[in-house]
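Participant: Please find start-v2.pdb (PDB, C-alpha atoms, pLDDT in the B column) on the next line:
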ATOM      1  CA  SER A   1     116.017  53.738  50.236  1.00 51.00           C
ATOM      2  CA  GLU A   2     116.919  52.159  46.897  1.00 53.00           C
ATOM      3  CA  SER A   3     113.369  52.641  45.618  1.00 57.00           C
ATOM      4  CA  ASP A   4     113.188  56.385  46.323  1.00 72.00           C
ATOM      5  CA  ARG A   5     112.276  58.319  43.188  1.00 74.00           C
ATOM      6  CA  PHE A   6     112.774  62.050  42.874  1.00 80.00           C
ATOM      7  CA  PRO A   7     111.030  64.397  40.489  1.00 79.00           C
ATOM      8  CA  THR A   8     112.756  65.245  37.233  1.00 88.00           C
ATOM      9  CA  PHE A   9     112.456  68.807  36.008  1.00 85.00           C
ATOM     10  CA  GLN A  10     112.705  70.209  32.497  1.00 91.00           C
ATOM     11  CA  HIS A  11     111.965  73.827  31.541  1.00 90.00           C
ATOM     12  CA  GLU A  12     113.338  76.815  29.685  1.00 91.00           C
ATOM     13  CA  GLY A  13     116.119  78.919  31.121  1.00 94.00           C
ATOM     14  CA  ILE A  14     119.394  78.582  32.954  1.00 96.00           C
ATOM     15  CA  GLU A  15     119.655  77.288  36.514  1.00 97.00           C
ATOM     16  CA  LEU A  16     122.230  77.697  39.262  1.00 98.00           C
ATOM     17  CA  LEU A  17     122.335  75.250  42.173  1.00 98.00           C
ATOM     18  CA  TYR A  18     124.310  76.109  45.302  1.00 98.00           C
ATOM     19  CA  MET A  19     124.660  73.423  47.971  1.00 98.00           C
ATOM     20  CA  LEU A  20     124.219  74.584  51.560  1.00 98.00           C
ATOM     21  CA  ASP A  21     124.152  71.269  53.466  1.00 98.00           C
ATOM     22  CA  GLY A  22     124.395  67.549  52.805  1.00 98.00           C
ATOM     23  CA  VAL A  23     125.675  65.467  49.912  1.00 98.00           C
ATOM     24  CA  MET A  24     123.729  64.341  46.850  1.00 97.00           C
ATOM     25  CA  ARG A  25     124.184  63.148  43.312  1.00 97.00           C
ATOM     26  CA  TYR A  26     122.412  65.528  40.963  1.00 97.00           C
ATOM     27  CA  ARG A  27     121.457  64.460  37.459  1.00 96.00           C
ATOM     28  CA  HIS A  28     121.594  66.685  34.394  1.00 97.00           C
ATOM     29  CA  GLY A  29     120.776  64.854  31.172  1.00 96.00           C
ATOM     30  CA  ASP A  30     122.811  61.636  31.195  1.00 96.00           C
ATOM     31  CA  LYS A  31     125.461  62.923  33.653  1.00 97.00           C
ATOM     32  CA  GLN A  32     125.562  62.847  37.458  1.00 97.00           C
ATOM     33  CA  PHE A  33     127.408  65.325  39.658  1.00 98.00           C
ATOM     34  CA  LEU A  34     128.402  64.739  43.287  1.00 98.00           C
ATOM     35  CA  MET A  35     127.339  67.901  45.112  1.00 98.00           C
ATOM     36  CA  GLU A  36     128.620  68.823  48.592  1.00 98.00           C
ATOM     37  CA  ALA A  37     128.212  71.949  50.722  1.00 98.00           C
ATOM     38  CA  GLY A  38     129.814  74.889  48.906  1.00 98.00           C
ATOM     39  CA  ASP A  39     129.537  73.319  45.442  1.00 98.00           C
ATOM     40  CA  SER A  40     127.653  75.026  42.638  1.00 98.00           C
ATOM     41  CA  LEU A  41     126.337  73.838  39.291  1.00 98.00           C
ATOM     42  CA  LEU A  42     125.243  76.084  36.408  1.00 98.00           C
ATOM     43  CA  PHE A  43     123.293  74.421  33.604  1.00 97.00           C
ATOM     44  CA  ASP A  44     120.774  74.724  30.787  1.00 96.00           C
ATOM     45  CA  SER A  45     117.377  73.756  32.228  1.00 94.00           C
ATOM     46  CA  ASP A  46     116.232  72.277  28.882  1.00 94.00           C
ATOM     47  CA  ALA A  47     117.743  68.890  29.772  1.00 95.00           C
ATOM     48  CA  PRO A  48     116.003  66.662  32.331  1.00 95.00           C
ATOM     49  CA  HIS A  49     117.497  67.367  35.761  1.00 96.00           C
ATOM     50  CA  GLY A  50     116.964  66.737  39.457  1.00 95.00           C
ATOM     51  CA  PRO A  51     118.284  64.986  42.560  1.00 95.00           C
ATOM     52  CA  GLU A  52     119.260  61.384  41.840  1.00 95.00           C
ATOM     53  CA  ILE A  53     120.731  59.967  45.068  1.00 95.00           C
ATOM     54  CA  LEU A  54     120.650  61.596  48.506  1.00 96.00           C
ATOM     55  CA  GLU A  55     123.976  60.575  50.053  1.00 97.00           C
ATOM     56  CA  GLU A  56     124.006  62.554  53.311  1.00 97.00           C
ATOM     57  CA  LEU A  57     120.977  64.193  54.958  1.00 97.00           C
ATOM     58  CA  PRO A  58     119.779  66.800  55.607  1.00 97.00           C
ATOM     59  CA  ILE A  59     120.152  68.317  52.146  1.00 97.00           C
ATOM     60  CA  ARG A  60     119.551  72.008  51.524  1.00 98.00           C
ATOM     61  CA  TYR A  61     120.362  73.904  48.350  1.00 97.00           C
ATOM     62  CA  LEU A  62     119.480  77.123  46.609  1.00 97.00           C
ATOM     63  CA  SER A  63     118.035  76.889  43.115  1.00 96.00           C
ATOM     64  CA  ILE A  64     118.149  80.110  41.096  1.00 96.00           C
ATOM     65  CA  ILE A  65     116.453  80.064  37.686  1.00 95.00           C
ATOM     66  CA  THR A  66     116.584  82.701  34.960  1.00 95.00           C
ATOM     67  CA  TYR A  67     113.967  82.450  32.257  1.00 92.00           C
ATOM     68  CA  PRO A  68     114.327  83.808  28.706  1.00 87.00           C
ATOM     69  CA  GLN A  69     113.148  87.407  28.407  1.00 85.00           C
ATOM     70  CA  GLN A  70     110.159  88.107  26.175  1.00 78.00           C
ATOM     71  CA  ARG A  71     111.168  90.468  23.374  1.00 71.00           C
TER      72      ARG A  71
END
Rewrite the structure from the file as structure tokens, please.
Facilitator:
Amino acid sequence: SESDRFPTFQHEGIELLYMLDGVMRYRHGDKQFLMEAGDSLLFDSDAPHGPEILEELPIRYLSIITYPQQR
């Protein structure tokens, strides 16, 4: 529904999203990306990010995060 709110994430590292099923608008900072099955998005996890609008359910995606290595 219009009032659905989704969590926003913000953390160190780099993240890769790979869409398996469904369609959604994914927010990164002040931009939105339309994500469909087969799409991928690679981004700096420092900026606020997360699902914004779920367009077509069910939605499944892989989220792969690499964190900075301790030196």
Participant: Which residues would end up in the selection if the PyMOL selection byres ((chain A and resi 31-39) around 8) were applied here, given that I need the answer as a short mmCIF file (atom, residue, chain, number, x, y, z; two decimals) with C-alpha atoms, in the coordinates of the input?
Facilitator:
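Contents of result-v4.cif, freshly written:
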data_model
loop_
_atom_site.label_atom_id
_atom_site.label_comp_id
_atom_site.auth_asym_id
_atom_site.auth_seq_id
_atom_site.Cartn_x
_atom_site.Cartn_y
_atom_site.Cartn_z
CA TYR A 18 124.31 76.11 45.30
CA MET A 19 124.66 73.42 47.97
CA LEU A 20 124.22 74.58 51.56
CA ASP A 21 124.15 71.27 53.47
CA GLY A 22 124.40 67.55 52.80
CA VAL A 23 125.68 65.47 49.91
CA MET A 24 123.73 64.34 46.85
CA ARG A 25 124.18 63.15 43.31
CA TYR A 26 122.41 65.53 40.96
CA ARG A 27 121.46 64.46 37.46
CA HIS A 28 121.59 66.68 34.39
CA GLY A 29 120.78 64.85 31.17
CA ASP A 30 122.81 61.64 31.20
CA SER A 40 127.65 75.03 42.64
CA LEU A 41 126.34 73.84 39.29
CA GLU A 52 119.26 61.38 41.84
#
Participant: For CA of Leu54 in chain A and CA of Ile14 in chain A, determine how far apart the two atoms are, in Å to one decimal place.
Facilitator: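 CA of Ile14 in chain A lies at a distance of 23.1 Å from CA of Leu54 in chain A.
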Participant: Between A:Arg71, A:Phe43, A:His49, A:Tyr61, which residue has the minimum interatomic distance to Pro7 in chain A, considering all atoms listed in the file?
Facilitator: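 Comparing A:Arg71, A:Phe43, A:His49, A:Tyr61 against Pro7 in chain A, the winner is A:His49.
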Participant: Grab all the atoms of range 10-25 of chain A that the file lists, wrap them in a box along x, y and z, add 6 Å per side, and give me centre plus edge lengths in Å (one decimal) as AutoDock Vina command-line options.
Facilitator:
--center_x 118.8 --center_y 71.0 --center_z 41.6 --size_x 25.7 --size_y 27.8 --size_z 35.8
Participant: Where does the PyMOL selection byres ((chain A and resi 69) around 12) land in this file, that is, which residues does it pick, as a VMD selection string?
Facilitator: chain A and resid 12 to 14 66 to 68 70 to 71
Participant: Go ahead and compute the interatomic distance for CA of Glu55 in chain A and CA of Phe6 in chain A, in Å to one decimal.
Facilitator: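 One can read the CA of Glu55 in chain A to CA of Phe6 in chain A distance as 13.4 Å.
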Participant: Compile the contact shell of Phe9 in chain A as number ranges by chain: residues with an atom at most 9 Å away, counting only C-alpha atoms, same-chain residues fewer than 4 positions apart removed.
Facilitator: A: 45-50
Participant: Will you model N, CA and C atoms for range 57-71 of chain A and pass it back as a CSV table (one decimal), in the coordinates of the input?
Facilitator:
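Result file out-v1.csv:
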chain,number,residue,atom,x,y,z
A,57,LEU,N,122.1,63.3,54.6
A,57,LEU,CA,121.0,64.2,55.0
A,57,LEU,C,121.4,65.0,56.2
A,58,PRO,N,120.8,66.1,56.5
A,58,PRO,CA,119.8,66.8,55.6
A,58,PRO,C,120.4,67.5,54.4
A,59,ILE,N,119.7,67.6,53.3
A,59,ILE,CA,120.2,68.3,52.1
A,59,ILE,C,119.4,69.6,52.0
A,60,ARG,N,120.1,70.7,51.8
A,60,ARG,CA,119.6,72.0,51.5
A,60,ARG,C,120.4,72.6,50.4
A,61,TYR,N,119.7,73.2,49.4
A,61,TYR,CA,120.4,73.9,48.4
A,61,TYR,C,119.5,75.0,47.8
A,62,LEU,N,120.2,76.0,47.3
A,62,LEU,CA,119.5,77.1,46.6
A,62,LEU,C,119.4,76.8,45.1
A,63,SER,N,118.2,77.1,44.6
A,63,SER,CA,118.0,76.9,43.1
A,63,SER,C,117.6,78.2,42.6
A,64,ILE,N,118.4,78.8,41.7
A,64,ILE,CA,118.1,80.1,41.1
A,64,ILE,C,118.0,79.9,39.6
A,65,ILE,N,116.8,80.3,39.1
A,65,ILE,CA,116.5,80.1,37.7
A,65,ILE,C,116.2,81.4,37.0
A,66,THR,N,116.9,81.5,35.8
A,66,THR,CA,116.6,82.7,35.0
A,66,THR,C,115.9,82.2,33.7
A,67,TYR,N,114.8,82.8,33.4
A,67,TYR,CA,114.0,82.4,32.3
A,67,TYR,C,114.3,83.4,31.1
A,68,PRO,N,114.1,82.9,29.9
A,68,PRO,CA,114.3,83.8,28.7
A,68,PRO,C,113.4,85.0,28.8
A,69,GLN,N,113.9,86.2,28.4
A,69,GLN,CA,113.1,87.4,28.4
A,69,GLN,C,112.3,87.5,27.2
A,70,GLN,N,111.0,87.9,27.3
A,70,GLN,CA,110.2,88.1,26.2
A,70,GLN,C,110.6,89.4,25.5
A,71,ARG,N,110.7,89.3,24.1
A,71,ARG,CA,111.2,90.5,23.4
A,71,ARG,C,110.0,91.2,22.8
